[in-house]
>>> print(open('data_27.cif').read())   # mmCIF, C-alpha atoms and all ligand atoms
data_data
#
loop_
_atom_site.group_PDB
_atom_site.id
_atom_site.type_symbol
_atom_site.label_atom_id
_atom_site.label_comp_id
_atom_site.auth_asym_id
_atom_site.auth_seq_id
_atom_site.Cartn_x
_atom_site.Cartn_y
_atom_site.Cartn_z
ATOM 1 C CA MET A 1 14.536 -18.010 4.277
ATOM 2 C CA SER A 2 11.815 -16.345 6.245
ATOM 3 C CA SER A 3 12.098 -14.398 9.444
ATOM 4 C CA ALA A 4 9.211 -14.721 11.847
ATOM 5 C CA ALA A 5 8.700 -13.034 15.211
ATOM 6 C CA LEU A 6 6.718 -14.124 18.252
ATOM 7 C CA ILE A 7 4.902 -11.140 19.657
ATOM 8 C CA GLY A 8 2.234 -10.774 22.331
ATOM 9 C CA ASN A 9 1.360 -9.631 25.834
ATOM 10 C CA PRO A 10 3.578 -10.717 28.756
ATOM 11 C CA ASN A 11 3.000 -14.262 30.073
ATOM 12 C CA THR A 12 1.013 -15.505 27.117
ATOM 13 C CA GLY A 13 3.332 -18.469 26.440
ATOM 14 C CA LYS A 14 5.714 -16.978 23.862
ATOM 15 C CA THR A 15 8.864 -18.458 25.346
ATOM 16 C CA SER A 16 7.203 -21.843 25.886
ATOM 17 C CA LEU A 17 6.300 -21.866 22.197
ATOM 18 C CA PHE A 18 9.688 -20.575 21.141
ATOM 19 C CA ASN A 19 11.251 -23.571 22.869
ATOM 20 C CA THR A 20 8.819 -25.982 21.191
ATOM 21 C CA LEU A 21 9.094 -24.493 17.709
ATOM 22 C CA THR A 22 12.869 -24.092 17.500
ATOM 23 C CA SER A 23 15.629 -26.660 17.639
ATOM 24 C CA SER A 24 18.752 -24.593 17.995
ATOM 25 C CA TYR A 25 19.671 -21.080 18.996
ATOM 26 C CA GLU A 26 20.949 -18.787 16.365
ATOM 27 C CA TYR A 27 21.612 -16.053 18.857
ATOM 28 C CA VAL A 28 21.144 -15.446 22.554
ATOM 29 C CA GLY A 29 22.138 -12.093 23.998
ATOM 30 C CA ASN A 30 20.650 -8.756 24.857
ATOM 31 C CA TRP A 31 18.682 -6.263 22.808
ATOM 32 C CA SER A 32 20.920 -3.294 22.108
ATOM 33 C CA GLY A 33 21.006 -0.730 24.884
ATOM 34 C CA VAL A 34 18.930 -2.736 27.363
ATOM 35 C CA THR A 35 19.317 -5.816 29.547
ATOM 36 C CA VAL A 36 16.288 -7.608 28.125
ATOM 37 C CA GLU A 37 17.219 -11.006 26.749
ATOM 38 C CA LYS A 38 17.083 -11.495 22.997
ATOM 39 C CA LYS A 39 16.571 -14.977 21.588
ATOM 40 C CA VAL A 40 16.635 -16.006 17.959
ATOM 41 C CA GLY A 41 16.221 -19.672 17.031
ATOM 42 C CA GLN A 42 16.078 -21.883 13.992
ATOM 43 C CA LEU A 43 12.639 -23.394 13.320
ATOM 44 C CA LYS A 44 12.606 -27.172 13.859
ATOM 45 C CA ASN A 45 12.007 -27.928 10.194
ATOM 46 C CA LYS A 46 14.811 -25.539 9.200
ATOM 47 C CA SER A 47 12.400 -23.300 7.300
ATOM 48 C CA GLY A 48 13.650 -20.055 8.826
ATOM 49 C CA ALA A 49 14.479 -18.063 11.926
ATOM 50 C CA LEU A 50 12.182 -17.194 14.810
ATOM 51 C CA THR A 51 12.700 -14.263 17.205
ATOM 52 C CA ASP A 52 11.172 -14.199 20.694
ATOM 53 C CA LEU A 53 10.167 -10.586 21.403
ATOM 54 C CA PRO A 54 9.650 -9.123 24.893
ATOM 55 C CA GLY A 55 6.000 -9.076 26.000
ATOM 56 C CA ILE A 56 4.051 -5.835 25.608
ATOM 57 C CA TYR A 57 0.401 -4.710 25.909
ATOM 58 C CA THR A 58 0.695 -2.022 23.263
ATOM 59 C CA LEU A 59 3.271 -0.923 20.704
ATOM 60 C CA HIS A 60 3.262 2.457 22.382
ATOM 61 C CA PRO A 61 6.143 2.149 24.850
ATOM 62 C CA LEU A 62 6.244 3.617 28.346
ATOM 63 C CA SER A 63 9.879 2.668 28.823
ATOM 64 C CA ARG A 64 12.992 1.933 26.789
ATOM 65 C CA ASP A 65 12.517 -1.816 27.357
ATOM 66 C CA GLU A 66 8.970 -1.634 26.070
ATOM 67 C CA GLY A 67 10.164 0.119 22.931
ATOM 68 C CA ILE A 68 12.193 -2.895 21.811
ATOM 69 C CA ALA A 69 9.344 -4.609 20.002
ATOM 70 C CA ALA A 70 8.263 -1.442 18.157
ATOM 71 C CA GLU A 71 11.846 -0.666 17.140
ATOM 72 C CA TYR A 72 12.337 -4.237 15.994
ATOM 73 C CA LEU A 73 9.192 -4.124 13.854
ATOM 74 C CA VAL A 74 10.352 -0.958 12.094
ATOM 75 C CA THR A 75 14.040 -1.728 11.641
ATOM 76 C CA ASP A 76 14.199 -5.521 11.287
ATOM 77 C CA SER A 77 10.896 -5.765 9.437
ATOM 78 C CA PRO A 78 10.120 -9.494 9.924
ATOM 79 C CA SER A 79 8.235 -11.156 7.078
ATOM 80 C CA LEU A 80 5.741 -12.923 9.374
ATOM 81 C CA LEU A 81 4.224 -12.036 12.750
ATOM 82 C CA VAL A 82 3.191 -14.852 15.076
ATOM 83 C CA ASN A 83 0.910 -13.095 17.543
ATOM 84 C CA ILE A 84 0.465 -15.141 20.719
ATOM 85 C CA VAL A 85 -2.849 -14.321 22.351
ATOM 86 C CA ASP A 86 -4.158 -15.440 25.758
ATOM 87 C CA ALA A 87 -7.594 -16.912 25.028
ATOM 88 C CA SER A 88 -8.657 -16.374 28.644
ATOM 89 C CA GLN A 89 -7.959 -12.611 28.371
ATOM 90 C CA LEU A 90 -9.024 -12.014 24.809
ATOM 91 C CA GLU A 91 -10.291 -8.446 25.069
ATOM 92 C CA ARG A 92 -7.086 -7.135 26.642
ATOM 93 C CA ASN A 93 -4.853 -9.109 24.262
ATOM 94 C CA LEU A 94 -6.580 -7.962 21.077
ATOM 95 C CA TYR A 95 -5.429 -4.366 21.489
ATOM 96 C CA LEU A 96 -1.884 -5.278 20.444
ATOM 97 C CA THR A 97 -3.331 -7.592 17.789
ATOM 98 C CA PHE A 98 -5.171 -4.653 16.214
ATOM 99 C CA GLN A 99 -1.947 -2.656 16.041
ATOM 100 C CA LEU A 100 -0.169 -5.637 14.492
ATOM 101 C CA LEU A 101 -2.913 -6.190 11.920
ATOM 102 C CA GLU A 102 -2.118 -2.696 10.635
ATOM 103 C CA TYR A 103 1.534 -3.662 10.148
ATOM 104 C CA GLY A 104 0.677 -4.919 6.675
ATOM 105 C CA LYS A 105 2.677 -8.174 6.763
ATOM 106 C CA PRO A 106 1.371 -11.761 7.027
ATOM 107 C CA LEU A 107 0.147 -12.546 10.528
ATOM 108 C CA VAL A 108 -1.039 -15.695 12.276
ATOM 109 C CA ILE A 109 -2.639 -15.794 15.711
ATOM 110 C CA GLY A 110 -1.596 -18.511 18.157
ATOM 111 C CA LEU A 111 -4.591 -18.603 20.479
ATOM 112 C CA ASN A 112 -2.909 -19.964 23.587
ATOM 113 C CA MET A 113 -4.150 -20.851 27.099
ATOM 114 C CA MET A 114 -7.204 -22.599 25.669
ATOM 115 C CA ASP A 115 -7.114 -24.852 28.769
ATOM 116 C CA VAL A 116 -7.304 -21.820 31.067
ATOM 117 C CA ALA A 117 -10.194 -20.327 29.076
ATOM 118 C CA LYS A 118 -12.022 -23.642 29.310
ATOM 119 C CA SER A 119 -11.495 -24.054 33.027
ATOM 120 C CA ASN A 120 -12.766 -20.480 33.477
ATOM 121 C CA GLY A 121 -15.970 -21.618 31.751
ATOM 122 C CA LEU A 122 -15.319 -19.627 28.575
ATOM 123 C CA ARG A 123 -16.095 -20.988 25.113
ATOM 124 C CA ILE A 124 -13.918 -19.347 22.502
ATOM 125 C CA HIS A 125 -15.054 -19.523 18.880
ATOM 126 C CA SER A 126 -11.684 -19.416 17.173
ATOM 127 C CA GLU A 127 -13.177 -19.657 13.642
ATOM 128 C CA THR A 128 -15.265 -16.547 14.334
ATOM 129 C CA LEU A 129 -12.123 -14.754 15.513
ATOM 130 C CA ALA A 130 -10.313 -15.831 12.335
ATOM 131 C CA SER A 131 -13.101 -14.650 10.050
ATOM 132 C CA SER A 132 -13.599 -11.376 11.971
ATOM 133 C CA LEU A 133 -9.924 -10.455 11.656
ATOM 134 C CA GLY A 134 -9.161 -12.122 8.330
ATOM 135 C CA VAL A 135 -6.159 -14.088 9.627
ATOM 136 C CA PRO A 136 -5.514 -17.742 10.482
ATOM 137 C CA VAL A 137 -6.034 -18.628 14.157
ATOM 138 C CA VAL A 138 -4.465 -21.752 15.684
ATOM 139 C CA PRO A 139 -5.815 -22.802 19.123
ATOM 140 C CA LEU A 140 -2.971 -23.835 21.448
ATOM 141 C CA VAL A 141 -2.063 -25.167 24.853
ATOM 142 C CA ALA A 142 1.625 -24.298 24.685
ATOM 143 C CA ARG A 143 2.505 -25.831 28.044
ATOM 144 C CA ALA A 144 1.312 -29.205 26.762
ATOM 145 C CA GLY A 145 2.634 -28.697 23.242
ATOM 146 C CA LYS A 146 -0.912 -28.877 21.858
ATOM 147 C CA GLY A 147 -1.362 -27.180 18.486
ATOM 148 C CA ALA A 148 2.352 -26.430 18.114
ATOM 149 C CA GLU A 149 2.801 -28.795 15.137
ATOM 150 C CA GLU A 150 -0.030 -27.135 13.255
ATOM 151 C CA LEU A 151 1.407 -23.706 14.018
ATOM 152 C CA LEU A 152 4.877 -24.757 12.841
ATOM 153 C CA HIS A 153 3.393 -26.172 9.663
ATOM 154 C CA LEU A 154 1.499 -22.966 8.973
ATOM 155 C CA ILE A 155 4.504 -20.725 9.717
ATOM 156 C CA SER A 156 6.638 -22.724 7.280
ATOM 157 C CA SER A 157 4.010 -23.035 4.575
ATOM 158 C CA HIS A 158 4.492 -19.478 3.273
ATOM 159 C CA SER A 159 0.771 -19.551 2.517
ATOM 160 C CA ILE A 160 -0.199 -16.835 4.992
ATOM 161 C CA GLN A 161 -1.284 -13.640 3.282
ATOM 162 C CA ALA A 162 -1.004 -10.094 4.575
ATOM 163 C CA PRO A 163 -4.341 -9.273 6.248
ATOM 164 C CA ASP A 164 -6.713 -6.842 4.602
ATOM 165 C CA PHE A 165 -7.538 -5.112 7.849
ATOM 166 C CA HIS A 166 -8.696 -1.557 7.645
ATOM 167 C CA ILE A 167 -10.363 0.364 10.465
ATOM 168 C CA ASP A 168 -12.059 3.646 9.581
ATOM 169 C CA TYR A 169 -10.799 6.171 12.158
ATOM 170 C CA GLY A 170 -12.961 9.014 10.808
ATOM 171 C CA ASN A 171 -12.242 11.914 8.452
ATOM 172 C CA ALA A 172 -9.728 13.871 10.529
ATOM 173 C CA VAL A 173 -7.478 10.880 11.226
ATOM 174 C CA GLU A 174 -7.923 9.285 7.792
ATOM 175 C CA ALA A 175 -6.865 12.537 6.089
ATOM 176 C CA ALA A 176 -3.787 12.663 8.318
ATOM 177 C CA ILE A 177 -2.941 9.020 7.521
ATOM 178 C CA SER A 178 -3.074 9.818 3.773
ATOM 179 C CA ASN A 179 -0.911 12.906 4.185
ATOM 180 C CA ILE A 180 1.695 11.183 6.355
ATOM 181 C CA SER A 181 1.751 8.202 3.974
ATOM 182 C CA ARG A 182 2.502 10.578 1.123
ATOM 183 C CA GLU A 183 5.444 12.058 3.048
ATOM 184 C CA LEU A 184 6.750 8.568 3.838
ATOM 185 C CA ASN A 185 6.177 7.139 0.386
ATOM 186 C CA SER A 186 9.517 8.048 -1.150
ATOM 187 C CA VAL A 187 11.685 7.858 1.973
ATOM 188 C CA LEU A 188 10.923 4.436 3.476
ATOM 189 C CA PRO A 189 13.255 1.588 2.584
ATOM 190 C CA GLU A 190 11.964 -1.518 0.823
ATOM 191 C CA HIS A 191 10.269 -4.159 3.031
ATOM 192 C CA SER A 192 9.257 -1.506 5.550
ATOM 193 C CA PRO A 193 5.981 -1.900 7.421
ATOM 194 C CA SER A 194 2.955 -0.392 5.695
ATOM 195 C CA GLU A 195 2.836 3.387 5.522
ATOM 196 C CA ARG A 196 -0.590 3.234 7.167
ATOM 197 C CA PHE A 197 0.908 1.398 10.158
ATOM 198 C CA ILE A 198 3.705 3.920 10.566
ATOM 199 C CA ALA A 199 1.314 6.848 10.071
ATOM 200 C CA LEU A 200 -0.971 5.511 12.821
ATOM 201 C CA GLN A 201 1.934 4.909 15.188
ATOM 202 C CA LEU A 202 3.145 8.464 14.589
ATOM 203 C CA LEU A 203 -0.366 9.812 15.172
ATOM 204 C CA GLU A 204 -0.288 7.847 18.446
ATOM 205 C CA ARG A 205 2.944 9.731 19.209
ATOM 206 C CA ASN A 206 4.990 6.547 19.354
ATOM 207 C CA ASP A 207 8.518 7.892 19.888
ATOM 208 C CA ALA A 208 10.123 4.468 19.498
ATOM 209 C CA VAL A 209 8.757 4.278 15.953
ATOM 210 C CA LEU A 210 9.757 7.865 15.187
ATOM 211 C CA ARG A 211 13.290 7.212 16.473
ATOM 212 C CA SER A 212 13.595 4.049 14.396
ATOM 213 C CA LEU A 213 12.642 5.658 11.111
ATOM 214 C CA ALA A 214 15.449 6.679 8.813
ATOM 215 C CA ILE A 215 13.874 9.998 7.843
ATOM 216 C CA GLY A 216 15.261 13.519 7.905
ATOM 217 C CA ASP A 217 14.283 16.404 10.164
ATOM 218 C CA GLU A 218 12.389 18.126 7.392
ATOM 219 C CA VAL A 219 10.045 15.167 6.883
ATOM 220 C CA LYS A 220 9.693 14.786 10.659
ATOM 221 C CA ALA A 221 8.636 18.429 10.969
ATOM 222 C CA LYS A 222 6.056 18.011 8.182
ATOM 223 C CA ILE A 223 4.645 14.925 9.902
ATOM 224 C CA GLN A 224 4.475 16.801 13.200
ATOM 225 C CA SER A 225 2.397 19.548 11.624
ATOM 226 C CA ILE A 226 0.064 16.966 10.027
ATOM 227 C CA CYS A 227 -0.440 15.426 13.495
ATOM 228 C CA ASP A 228 -1.208 18.831 14.997
ATOM 229 C CA LEU A 229 -3.663 19.626 12.205
ATOM 230 C CA ALA A 230 -5.431 16.276 12.741
ATOM 231 C CA GLU A 231 -5.989 17.186 16.375
ATOM 232 C CA GLN A 232 -7.478 20.571 15.456
ATOM 233 C CA ARG A 233 -9.773 18.952 12.890
ATOM 234 C CA LEU A 234 -10.849 16.312 15.378
ATOM 235 C CA HIS A 235 -11.788 18.985 17.904
ATOM 236 C CA LYS A 236 -13.680 20.943 15.234
ATOM 237 C CA SER A 237 -15.688 17.816 14.437
ATOM 238 C CA GLY A 238 -16.820 17.708 18.057
ATOM 239 C CA VAL A 239 -14.472 15.003 19.386
ATOM 240 C CA GLU A 240 -12.924 16.444 22.531
ATOM 241 C CA THR A 241 -10.112 13.899 22.987
ATOM 242 C CA THR A 242 -6.565 13.794 21.658
ATOM 243 C CA VAL A 243 -5.925 11.926 18.396
ATOM 244 C CA GLN A 244 -4.195 9.239 20.432
ATOM 245 C CA GLU A 245 -7.216 8.746 22.689
ATOM 246 C CA HIS A 246 -9.542 8.796 19.697
ATOM 247 C CA ILE A 247 -7.594 6.024 17.916
ATOM 248 C CA HIS A 248 -7.599 4.032 21.147
ATOM 249 C CA SER A 249 -11.337 4.369 21.651
ATOM 250 C CA VAL A 250 -12.193 3.415 18.045
ATOM 251 C CA ARG A 251 -10.128 0.248 18.444
ATOM 252 C CA THR A 252 -11.473 -0.725 21.864
ATOM 253 C CA LYS A 253 -15.078 -0.363 20.704
ATOM 254 C CA LEU A 254 -14.438 -2.715 17.754
ATOM 255 C CA ILE A 255 -12.601 -5.157 20.007
ATOM 256 C CA ARG A 256 -15.605 -5.301 22.342
ATOM 257 C CA ASP A 257 -17.890 -6.026 19.380
ATOM 258 C CA ILE A 258 -15.632 -8.863 18.225
ATOM 259 C CA CYS A 259 -15.324 -10.360 21.723
ATOM 260 C CA ALA A 260 -19.102 -10.323 22.092
ATOM 261 C CA ARG A 261 -19.260 -12.678 19.080
ATOM 262 C CA VAL A 262 -16.169 -14.786 19.824
ATOM 263 C CA VAL A 263 -16.399 -15.351 23.591
ATOM 264 C CA ASP A 264 -19.342 -17.263 25.028
ATOM 265 C CA ALA A 265 -19.233 -16.444 28.738
ATOM 266 C CA THR A 266 -22.629 -17.988 29.602
ATOM 267 C CA ASN A 267 -20.986 -20.529 31.910
ATOM 268 C CA ARG A 268 -18.214 -18.279 33.210
ATOM 269 C CA LYS A 269 -16.802 -19.368 36.567
HETATM 270 P P1 LIG A 301 5.875 -15.414 27.877
HETATM 271 O O1 LIG A 301 6.010 -14.402 28.980
HETATM 272 O O2 LIG A 301 4.854 -14.976 26.872
HETATM 273 O O3 LIG A 301 7.179 -15.785 27.260
HETATM 274 O O4 LIG A 301 5.218 -16.729 28.526
HETATM 275 P P2 LIG A 301 5.920 -18.067 29.048
HETATM 276 O O5 LIG A 301 6.168 -19.015 27.925
HETATM 277 O O6 LIG A 301 7.074 -17.710 29.915
HETATM 278 O O7 LIG A 301 4.726 -18.661 29.910
HETATM 279 C C1 LIG A 301 4.228 -17.997 31.064
HETATM 280 C C2 LIG A 301 3.625 -19.053 32.005
HETATM 281 O O8 LIG A 301 2.452 -19.607 31.420
HETATM 282 C C3 LIG A 301 4.558 -20.226 32.263
HETATM 283 O O9 LIG A 301 4.386 -20.618 33.598
HETATM 284 C C4 LIG A 301 4.039 -21.305 31.317
HETATM 285 O O10 LIG A 301 4.303 -22.608 31.775
HETATM 286 C C5 LIG A 301 2.566 -21.021 31.309
HETATM 287 N N1 LIG A 301 1.881 -21.444 30.074
HETATM 288 C C6 LIG A 301 2.300 -21.275 28.806
HETATM 289 N N2 LIG A 301 1.394 -21.759 27.953
HETATM 290 C C7 LIG A 301 0.360 -22.231 28.683
HETATM 291 C C8 LIG A 301 -0.901 -22.850 28.356
HETATM 292 O O11 LIG A 301 -1.282 -23.027 27.207
HETATM 293 N N3 LIG A 301 -1.690 -23.205 29.421
HETATM 294 C C9 LIG A 301 -1.327 -22.978 30.706
HETATM 295 N N4 LIG A 301 -2.176 -23.369 31.664
HETATM 296 N N5 LIG A 301 -0.167 -22.410 31.031
HETATM 297 C C10 LIG A 301 0.681 -22.024 30.048
HETATM 298 K K K A 302 7.362 -14.513 31.422
HETATM 299 MG MG MG A 303 9.058 -14.879 27.469
#
>>> encode(input="data_27.cif", output="structure tokens")
Amino acid sequence: MSSAALIGNPNTGKTSLFNTLTSSYEYVGNWSGVTVEKKVGQLKNKSGALTDLPGIYTLHPLSRDEGIAAEYLVTDSPSLLVNIVDASQLERNLYLTFQLLEYGKPLVIGLNMMDVAKSNGLRIHSETLASSLGVPVVPLVARAGKGAEELLHLISSHSIQAPDFHIDYGNAVEAAISNISRELNSVLPEHSPSERFIALQLLERNDAVLRSLAIGDEVKAKIQSICDLAEQRLHKSGVETTVQEHIHSVRTKLIRDICARVVDATNRK
């Protein structure tokens, strides 16, 4: 049995898809500690469970509610991520996608709101998006149920591979990722997200991820000093920003490059 999770920005059509893809609820309640609704359903073809996660723009939470998705990714460790992306707002949506690509587990993109993109005069080259990111992309109009069958088929096929997605964040950050990964290597439980993903989230000072990790204070202190050292090295190399801002700016530059190839806005309305 697989466990898949729907994850994406707010209002991208996750719940609409959840309702189309599942036949019965396994669980409806609240996420622990917060009043945000938690829904887990059984996929229509009985191939596994699907969890509908609260919408977020980044894994880096600003509030307890926003930390739910990050905590879930670390502690529940789903075997497949179904990233729902709004095709009409691709650049903004891809930030979370980049973070999820680093997770190290199989990922499929449901490229929703294709009707909205079209009526805005945007042509979205979904094959170019798929080849740029190295993951399957299924165009969707969730409100009309379009593409949902193909997505369900793909989710259940168990043919989706973990993406080989690797951004080069530069020497200072890459050295820190290696050093944090080494600290995590022996302490992470099986089926955890990739060490690289956790290292990057910790370098981004994601407290929800830090809280969710079952690691001792000694390892936490070592990781903290690696983060501090990365910042010093970054400054020495002439980059005046924090590590967090640096990671953000490397990602956003790459996202702009990809959008320039994927989105044809010649006839934008
Ligand atoms: P969530 O916040 O990601 O769970 O998104 P919802 O499933 O609640 O959808 C947000 C709104 O977008 C609802 O009004 C949906 O009916 C609408 N919606 C969902 N998918 C599509 C789509 O493909 N096209 C259009 N035009 N609207 C959609
Ligand atoms: K909503
Ligand atoms: Mg929803």
>>> axis_aligned_box(input="data_27.cif", around="stretch 186-203 of chain A", padding_each_side="5 Å", output="lines of an AutoDock Vina configuration file")
center_x = 6.1
center_y = 2.8
center_z = 7.0
size_x = 24.2
size_y = 24.0
size_z = 26.3
>>> residues_around(input="data_27.cif", residues="stretch 34-51 of chain A", least_positions_apart="5", cutoff="7 Å", atoms="only C-alpha atoms", output="PyMOL selection string")
chain A and resi 1-6+21-29+65+156
>>> residues_near_ligand(input="data_27.cif", ligand="ligand MG 303 (chain A)", cutoff="10 Å", atoms="only C-alpha atoms and all ligand atoms", output="ChimeraX atom specification")
/A:6-18,37-39,52-55
>>> closest_atom_pairs(input="data_27.cif", of="stretch 141-190 of chain A", to="stretch 238-243 of chain A", cutoff="12 Å", atoms="all atoms listed in the file", output="JSON lines")
{"residue": "A:Tyr169", "atom": "CA", "partner": "A:Val243", "partner_atom": "CA", "distance": 9.8}
{"residue": "A:Gly170", "atom": "CA", "partner": "A:Val239", "partner_atom": "CA", "distance": 10.6}
{"residue": "A:Asn171", "atom": "CA", "partner": "A:Val239", "partner_atom": "CA", "distance": 11.6}
{"residue": "A:Ala172", "atom": "CA", "partner": "A:Val243", "partner_atom": "CA", "distance": 9.0}
{"residue": "A:Val173", "atom": "CA", "partner": "A:Val243", "partner_atom": "CA", "distance": 7.4}
{"residue": "A:Glu174", "atom": "CA", "partner": "A:Val243", "partner_atom": "CA", "distance": 11.1}
{"residue": "A:Ala176", "atom": "CA", "partner": "A:Val243", "partner_atom": "CA", "distance": 10.3}
{"residue": "A:Ile177", "atom": "CA", "partner": "A:Val243", "partner_atom": "CA", "distance": 11.6}
>>> atom_distance(input="data_27.cif", atom1="atom C2 of ligand LIG 301 (chain A)", atom2="atom CA of A:Arg143")
7.9 Å
>>> resolve_selection(input="data_27.cif", expression="the PyMOL selection byres (((chain A and resi 73-85) around 7) and not hetatm)", output="MDAnalysis selection string")
chainID A and resid 2:8 12 14 69:72 86:87 93 97 105:112 191:193 209 212
>>> residues_near_point(input="data_27.cif", point="(-6.9, 1.8, 8.7)", cutoff="8 Å", atoms="only C-alpha atoms", output="PyMOL selection string")
chain A and resi 102+165-169+174+196-197
>>> closest_residue(input="data_27.cif", among="A:Ile180, A:Leu129, A:Ala117, A:Ala162", to="A:Leu229", atoms="only C-alpha atoms")
A:Ile180
>>> resolve_selection(input="data_27.cif", expression="the PyMOL selection byres (((chain A and resi 254) around 12) and not hetatm)", output="PyMOL selection string")
chain A and resi 91+94-95+98+132-133+166-169+247-253+255-261
